[in-house]
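Structure first, commentary second.
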Amino acid sequence: MAVKPPHAKGSTELDPLTVAREFFEVFGGGPLPAWDEFAHAVSPEYYPAGKVIFDVDEEHPFVYVVLRGAVKIVASDAAGSNHLVGLARAGELVASIQALAPAGLGHFVDQDLLGASWSAGAARGTTDTKAVTLMQTLVGRVDFRDVHSMMTQHGGAWAVVVFNAVAHYAMVEEHRARQLLMLTAEDRYRHFLRRYPDLLGVLPQKDIGSYIGVTPVGISRIAARVREEARRGS
């Protein structure tokens, strides 16, 4: 999960608790009740480049607010090949939705949930992706179990926070799916250049190709064509 809410006032502040509160209040639409009860759930974490924040098949009920640096989200296929499926920079969130959701719910993504024996419970699932820092990175780590507890105890604005965060994540994924289905490979590459200019030279070209759904050979040709076009236009 890598989502970015609207910019909140003062969002460049690097104090994890302050930024986390701004994020939650953006999603909640205003001040949240009993914030002081929740503050202990937020902690700063510093990671060097190449650090695995979480790996696949872990119980990891945490959400990360990226304060400085960048993180990539990687998924592996049945053959063991890695695919870049998400990116998060300063001002964005990182988490594995499957690890935050109730245990067992993920089994019904490709099945009919109605009439199933599964029922919601307190236990959470496990991660289905891996998060790795691209550079030295500072995050605010938030324990989602405490978020869930606040939602259960106080409802209202806390429930709105979770709903809007999940809705935003779904919209981001829907937008990405439309791009993969409706844009040409070159258009997807040009969009990546506009969206992530600061990651050029940080991400290997093959990873960029993986992210936009292009083979290593294809991305090499597209990148060369775009560079040549830029050279002629300069």
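Letters A, B, ... go to the chains of the structure tokens in the order shown; residues in each chain start at 1; ligands are counted from 1 in the same order.
Excluding stretch 174-182 of chain A and any residue on its chain fewer than 3 positions from it, the residues at most 10 Å away by only C-alpha atoms are Val85, Gly86, His168, Tyr169, Ala170, Met171, Ala185, Asp187, Arg188, His191, Tyr211, Ile212 and Gly213 of chain A.
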Using only C-alpha atoms, which residues of stretch 187-216 of chain A come within 10 Å of stretch 127-150 of chain A, and what is the closest atom pair for each, with the distance in Å to one decimal? Give it as a Markdown table, sorted by chain and residue number.
| residue | atom | partner | partner_atom | distance |
| --- | --- | --- | --- | --- |
| A:Leu199 | CA | A:Leu134 | CA | 8.9 |
| A:Val202 | CA | A:Leu134 | CA | 7.2 |
| A:Leu203 | CA | A:Leu134 | CA | 7.7 |
Selection to disk with C-alpha atoms, as a compact mmCIF listing (two decimals), in the first residue's frame:
# COMPACT_ATOMS: atom_id res chain seq x y z
CA LEU A 199 13.83 8.27 -8.67
CA VAL A 202 17.90 5.48 -8.09
CA LEU A 203 15.71 2.73 -9.54
DSSP strand (DSSP E or B) residues within stretch 8-181 of chain A, listed as JSON, numbers by chain:
{"A": [42, 43, 44, 45, 46, 47, 52, 53, 54, 62, 63, 64, 65, 66, 67, 68, 70, 71, 72, 73, 74, 75, 76, 82, 83, 84, 85, 86, 87, 88, 89, 93, 94, 102, 124, 130, 131, 132, 133, 137, 138, 139, 140, 141, 142, 143]}
Neighbour list for A:Leu17 as a PyMOL selection string, cut-off 8 Å, only C-alpha atoms, skip fewer than 4 positions in-chain:
chain A and resi 21+39+42-43+140
What does the distance between atom CA of A:Pro33 and atom CA of A:Val166 come to in Å, to one decimal place?
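Separation between atom CA of A:Pro33 and atom CA of A:Val166: 20.2 Å.
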Of the candidates A:Leu84, A:Leu93, A:Ala103, A:Val74, which shows the shortest atom-to-atom distance to A:Glu59, using only C-alpha atoms?
A:Ala103
